Amino acid sequence: MSKKNQTLGEFIIENQTEFKYSSGELSKLINAIRLAAKVVNHEVNKAGLVDIIGAAGDTNVQGEDQQKLDVLANEKFIQTLTKREIVCGIASEEEDDFISINSQDENHQNKYIVLIDPLDGSSNIDVNVSVGTIFSIYRRVTPVGTPVTLQDFLQPGRNQVAAGYVIYGTSTMLVYTTGHGVNGFTLNPAIGTFYLSHPNMEFPETGKIYSINEGNYNHFPQGVKDYLKYCQKEEGDRPYTSRYIGSLVSDFHRNMIKGGIYIYPKSSMASNGKLRLLYECNPMAFLAEQANAKASDGFTRILDIEPTELHQRVPFFCGSRKMVEKAEEFMSK
Ligand code: AHM
Ligand code: MG
């Protein structure tokens with residue numbers, strides 16, 4: 001049984017038997033993510049001290065400016081996962097295409113692939129606001145020992161074996177699920193150890209916080225506009241409070257603890273919203289469902305969407321169950 005103050009290392013070993021086909025591979029993988037998270041945490045924390053912030057001059061596949069730390073976080077996660085030879089493929093929000101690992105080696109028996117957003121919300125780095133890493137793990141669908149293909153990455157979110165995020169905030173936390181609830185670990189920076197601080201995390205069934213970029217209001221679908229008016233109306237436990245950090249991991253984390261809904265809808269400016277299905281929405285949706293909450297695109301369960309491309313975007317409604325259901329009700333009108 002998980003105990004508060006248990007270290008993440010102890011927790012991983014103790015819970016390894018929960019996996020059906022456990023060979024220790026997934027445990028090693030979570031361990032590698034833990035290690036990379038510590039390295040990135042170190043870099044994020046010194047961002048204000050050294051001349052490391054600011055655009056690296058590159059643009060990513062989505063045509064957005066890349067911050068130096070994005071590049072660095074991307075490198076650290078890929079290096080850590082590649083060197084340890086525990087995955088057969090990686091796809092990153094910062095890379096155009098997926099990476100196949102040891103594809104020429106038939107003895108390579110690794111069966112997991114990882115999708116990662118190495119540093120989400122990176123426009124917040126310059127202003128000392130929390131950022132995060134989001135990861136998602138699947139079992140490959142093509143035979144082991146052969147090179148991974150796009151098919152391995154384009155799996156619906158319900159196939160995820162594990163997912164989680166690291167939040168580099170007032171304290172650094174690693175929060176993850178392997179399909180048996182959600183647990184949160186806080187880093188003690190003095191000794192570099194993550195401790196179980198938030199066992200069995202759950203969203204409250206309903207809440208009073210809504211998180212959305214209201215600056216785009218005029219471009220939102222009518223259903224979203226109507227839902228926002230509902231949130232603001234003085235009736236019952238409303239008006240709700242508006243809280244939007246602009247860093248998905250932080251907004252999600254706060255809403256999970258306090259109760260709330262996060263929405264990034266489609267708009268007349270972006271027909272599928274902004275967030276990526278594979279790197280952002282699926283892992284957060286898996287965590288949400290494991291924490292007694294809900295995630296949809298306004299109509300359909302996120303985890304049931306069949307992906308068609310690596311960098312696909314979808315509208316995202318995620319949070320306390322009753323709040324997401326209410327928003328969906330407005331969307332379907
Ligand atoms: P990014 O992957 O380029 O960092 O974008 C994702 C981020 C989310 O963390 C955040 O919720 C959203 O973009 C904010 O977008 P906006 O500034 O349009 O409100
Ligand atoms: Mg992102």
# chains A, B, ... in the order shown; residues from 1 in each chain; ligands from 1

call {"tool": "residues_around", "arguments": {"residues": "Thr206 of chain A", "least_positions_apart": "2", "cutoff": "8 Å", "atoms": "only C-alpha atoms", "output": "PDB file with N, CA, C and O atoms, in the first residue's frame"}}
result
ATOM      1  N   PHE A 203     -10.060  14.897  -8.542  1.00  0.00           N
ATOM      2  CA  PHE A 203     -10.756  16.171  -8.726  1.00  0.00           C
ATOM      3  C   PHE A 203     -12.018  16.147  -7.864  1.00  0.00           C
ATOM      4  O   PHE A 203     -12.715  15.128  -7.833  1.00  0.00           O
ATOM      5  N   PRO A 204     -12.359  17.250  -7.232  1.00  0.00           N
ATOM      6  CA  PRO A 204     -13.696  17.333  -6.649  1.00  0.00           C
ATOM      7  C   PRO A 204     -14.718  17.157  -7.777  1.00  0.00           C
ATOM      8  O   PRO A 204     -14.431  17.509  -8.929  1.00  0.00           O
ATOM      9  N   LYS A 208     -15.463  25.622  -8.575  1.00  0.00           N
ATOM     10  CA  LYS A 208     -15.904  27.002  -8.797  1.00  0.00           C
ATOM     11  C   LYS A 208     -14.915  27.778  -9.657  1.00  0.00           C
ATOM     12  O   LYS A 208     -14.937  28.992  -9.713  1.00  0.00           O
ATOM     13  N   GLY A 259     -10.875  21.963  -7.724  1.00  0.00           N
ATOM     14  CA  GLY A 259     -12.142  21.778  -8.445  1.00  0.00           C
ATOM     15  C   GLY A 259     -12.300  22.850  -9.484  1.00  0.00           C
ATOM     16  O   GLY A 259     -12.317  24.042  -9.156  1.00  0.00           O
ATOM     17  N   GLY A 260     -12.402  22.458 -10.746  1.00  0.00           N
ATOM     18  CA  GLY A 260     -12.526  23.458 -11.795  1.00  0.00           C
ATOM     19  C   GLY A 260     -12.531  22.831 -13.177  1.00  0.00           C
ATOM     20  O   GLY A 260     -12.390  21.615 -13.331  1.00  0.00           O
ATOM     21  N   SER A 320     -13.411  18.900 -13.438  1.00  0.00           N
ATOM     22  CA  SER A 320     -14.427  18.316 -12.563  1.00  0.00           C
ATOM     23  C   SER A 320     -15.602  17.824 -13.401  1.00  0.00           C
ATOM     24  O   SER A 320     -16.085  18.530 -14.290  1.00  0.00           O
ATOM     25  N   ARG A 321     -16.023  16.610 -13.098  1.00  0.00           N
ATOM     26  CA  ARG A 321     -16.987  15.908 -13.950  1.00  0.00           C
ATOM     27  C   ARG A 321     -18.248  16.720 -14.242  1.00  0.00           C
ATOM     28  O   ARG A 321     -18.640  16.894 -15.389  1.00  0.00           O
ATOM     29  N   LYS A 322     -18.843  17.237 -13.168  1.00  0.00           N
ATOM     30  CA  LYS A 322     -20.118  17.940 -13.368  1.00  0.00           C
ATOM     31  C   LYS A 322     -19.933  19.208 -14.201  1.00  0.00           C
ATOM     32  O   LYS A 322     -20.828  19.590 -14.950  1.00  0.00           O
ATOM     33  N   MET A 323     -18.791  19.843 -14.065  1.00  0.00           N
ATOM     34  CA  MET A 323     -18.554  21.078 -14.824  1.00  0.00           C
ATOM     35  C   MET A 323     -18.365  20.771 -16.308  1.00  0.00           C
ATOM     36  O   MET A 323     -18.888  21.485 -17.167  1.00  0.00           O
TER      37      MET A 323
END

call {"tool": "closest_atom_pairs", "arguments": {"of": "chain A", "to": "ligand 2", "cutoff": "10 Å", "atoms": "only C-alpha atoms and all ligand atoms", "output": "Markdown table"}}
result
| residue | atom | partner | partner_atom_place_in_ligand_line | distance |
| --- | --- | --- | --- | --- |
| A:Asp70 | CA | ligand 2 | 1 (Mg) | 9.8 |
| A:Ser92 | CA | ligand 2 | 1 (Mg) | 9.8 |
| A:Glu93 | CA | ligand 2 | 1 (Mg) | 6.9 |
| A:Glu94 | CA | ligand 2 | 1 (Mg) | 8.8 |
| A:Ile116 | CA | ligand 2 | 1 (Mg) | 9.1 |
| A:Asp117 | CA | ligand 2 | 1 (Mg) | 5.5 |
| A:Pro118 | CA | ligand 2 | 1 (Mg) | 7.8 |
| A:Leu119 | CA | ligand 2 | 1 (Mg) | 6.6 |
| A:Asp120 | CA | ligand 2 | 1 (Mg) | 3.9 |
| A:Gly121 | CA | ligand 2 | 1 (Mg) | 5.9 |
| A:Ser122 | CA | ligand 2 | 1 (Mg) | 7.8 |
| A:Ser123 | CA | ligand 2 | 1 (Mg) | 10.0 |
| A:Val131 | CA | ligand 2 | 1 (Mg) | 9.6 |
| A:Gly132 | CA | ligand 2 | 1 (Mg) | 8.7 |
| A:Thr133 | CA | ligand 2 | 1 (Mg) | 8.3 |
| A:Ile134 | CA | ligand 2 | 1 (Mg) | 8.1 |
| A:Ser247 | CA | ligand 2 | 1 (Mg) | 8.5 |
| A:Leu248 | CA | ligand 2 | 1 (Mg) | 7.9 |
| A:Val249 | CA | ligand 2 | 1 (Mg) | 9.3 |
| A:Lys274 | CA | ligand 2 | 1 (Mg) | 9.0 |
| A:Leu275 | CA | ligand 2 | 1 (Mg) | 6.9 |
| A:Arg276 | CA | ligand 2 | 1 (Mg) | 7.3 |
| A:Tyr279 | CA | ligand 2 | 1 (Mg) | 7.2 |
| A:Glu280 | CA | ligand 2 | 1 (Mg) | 6.4 |
| A:Cys281 | CA | ligand 2 | 1 (Mg) | 9.7 |

call {"tool": "residues_around", "arguments": {"residues": "Ser242 of chain A", "least_positions_apart": "3", "cutoff": "12 Å", "atoms": "only C-alpha atoms", "output": "list in words"}}
result
Gly207, Lys208, Ile209, Tyr210, Ser211, Ile212, Asn213, Glu214, Leu228, Lys229, Cys231, Gln232, Arg238, Pro239, Ile245, Asp251, Asn255, Gly260, Ile261, Tyr262 and Ile263 of chain A

call {"tool": "select_by_dssp", "arguments": {"residues": "segment 24-267 of chain A", "states": "strand (DSSP E or B)", "output": "MDAnalysis selection string"}}
result
chainID A and resid 55:59 65:67 89:92 99:100 112:120 131:139 162:168 172:177 182:188 193:198 209:211 241:242 260:264

call {"tool": "residues_around", "arguments": {"residues": "segment 85-88 of chain A", "least_positions_apart": "6", "cutoff": "9 Å", "atoms": "only C-alpha atoms", "output": "PyMOL selection string"}}
result
chain A and resi 25-26+28-29+32+99-103+108-114+140+144-145+147-148

call {"tool": "write_last_selection", "arguments": {"atoms": "C-alpha atoms", "output": "PDB file, in the first residue's frame"}}
result
ATOM      1  CA  GLU A  25      10.515  -2.185 -18.311  1.00  0.00           C
ATOM      2  CA  LEU A  26       7.819   0.332 -17.483  1.00  0.00           C
ATOM      3  CA  LYS A  28      12.679   1.644 -15.674  1.00  0.00           C
ATOM      4  CA  LEU A  29      10.952   4.026 -18.013  1.00  0.00           C
ATOM      5  CA  ALA A  32      14.242   7.576 -16.534  1.00  0.00           C
ATOM      6  CA  ILE A  99      12.382   8.934 -33.490  1.00  0.00           C
ATOM      7  CA  SER A 100      12.973   5.218 -33.916  1.00  0.00           C
ATOM      8  CA  ILE A 101      15.432   3.728 -31.427  1.00  0.00           C
ATOM      9  CA  ASN A 102      17.727   0.825 -32.247  1.00  0.00           C
ATOM     10  CA  SER A 103      15.633   0.178 -35.308  1.00  0.00           C
ATOM     11  CA  HIS A 108      16.012  -4.973 -29.334  1.00  0.00           C
ATOM     12  CA  GLN A 109      12.980  -6.185 -27.407  1.00  0.00           C
ATOM     13  CA  ASN A 110      11.657  -2.911 -25.990  1.00  0.00           C
ATOM     14  CA  LYS A 111       7.947  -2.553 -26.342  1.00  0.00           C
ATOM     15  CA  TYR A 112       7.128   0.955 -25.124  1.00  0.00           C
ATOM     16  CA  ILE A 113       6.909   4.231 -26.971  1.00  0.00           C
ATOM     17  CA  VAL A 114       6.826   7.671 -25.361  1.00  0.00           C
ATOM     18  CA  ARG A 140       3.788  -0.523 -29.468  1.00  0.00           C
ATOM     19  CA  VAL A 144       8.991  -6.004 -31.192  1.00  0.00           C
ATOM     20  CA  GLY A 145      12.412  -6.110 -32.813  1.00  0.00           C
ATOM     21  CA  PRO A 147      11.475  -0.440 -36.427  1.00  0.00           C
ATOM     22  CA  VAL A 148       8.527   1.493 -34.980  1.00  0.00           C
TER      23      VAL A 148
END

call {"tool": "atom_distance", "arguments": {"atom1": "atom CA of Gly273 of chain A", "atom2": "atom CA of His219 of chain A"}}
result
10.9 Å

call {"tool": "select_by_dssp", "arguments": {"residues": "segment 170-254 of chain A", "states": "alpha helix (DSSP H)", "output": "list of chain:residue names"}}
result
A:Gln222, A:Gly223, A:Val224, A:Lys225, A:Asp226, A:Tyr227, A:Leu228, A:Lys229, A:Tyr230, A:Cys231, A:Gln232, A:Leu248, A:Val249, A:Ser250, A:Asp251, A:Phe252, A:His253, A:Arg254

call {"tool": "write_last_selection", "arguments": {"atoms": "C-alpha atoms", "output": "PDB file, in the first residue's frame"}}
result
ATOM      1  CA  GLN A 222     -21.816  29.944 -29.244  1.00  0.00           C
ATOM      2  CA  GLY A 223     -21.895  26.975 -26.834  1.00  0.00           C
ATOM      3  CA  VAL A 224     -18.701  28.159 -25.117  1.00  0.00           C
ATOM      4  CA  LYS A 225     -19.965  31.749 -24.946  1.00  0.00           C
ATOM      5  CA  ASP A 226     -23.193  30.543 -23.353  1.00  0.00           C
ATOM      6  CA  TYR A 227     -21.329  28.350 -20.872  1.00  0.00           C
ATOM      7  CA  LEU A 228     -19.148  31.303 -19.844  1.00  0.00           C
ATOM      8  CA  LYS A 229     -22.254  33.440 -19.269  1.00  0.00           C
ATOM      9  CA  TYR A 230     -23.591  30.584 -17.141  1.00  0.00           C
ATOM     10  CA  CYS A 231     -20.330  30.559 -15.095  1.00  0.00           C
ATOM     11  CA  GLN A 232     -20.642  34.304 -14.515  1.00  0.00           C
ATOM     12  CA  LEU A 248      -1.887  23.802 -19.065  1.00  0.00           C
ATOM     13  CA  VAL A 249      -0.073  21.748 -16.440  1.00  0.00           C
ATOM     14  CA  SER A 250      -0.461  24.446 -13.791  1.00  0.00           C
ATOM     15  CA  ASP A 251      -4.093  25.166 -14.623  1.00  0.00           C
ATOM     16  CA  PHE A 252      -4.881  21.441 -14.575  1.00  0.00           C
ATOM     17  CA  HIS A 253      -2.982  20.878 -11.313  1.00  0.00           C
ATOM     18  CA  ARG A 254      -4.785  23.695  -9.526  1.00  0.00           C
TER      19      ARG A 254
END

call {"tool": "closest_residue", "arguments": {"among": "A:Val127, A:Met269, A:Ile12, A:Ile257", "to": "ligand 1", "atoms": "only C-alpha atoms and all ligand atoms"}}
result
A:Met269

call {"tool": "atom_distance", "arguments": {"atom1": "atom CA of Gly9 of chain A", "atom2": "atom CA of Asn31 of chain A"}}
result
7.4 Å

call {"tool": "closest_residue", "arguments": {"among": "A:Ala162, A:Leu150, A:Val314, A:Ala47", "to": "Ser267 of chain A", "atoms": "only C-alpha atoms"}}
result
A:Val314
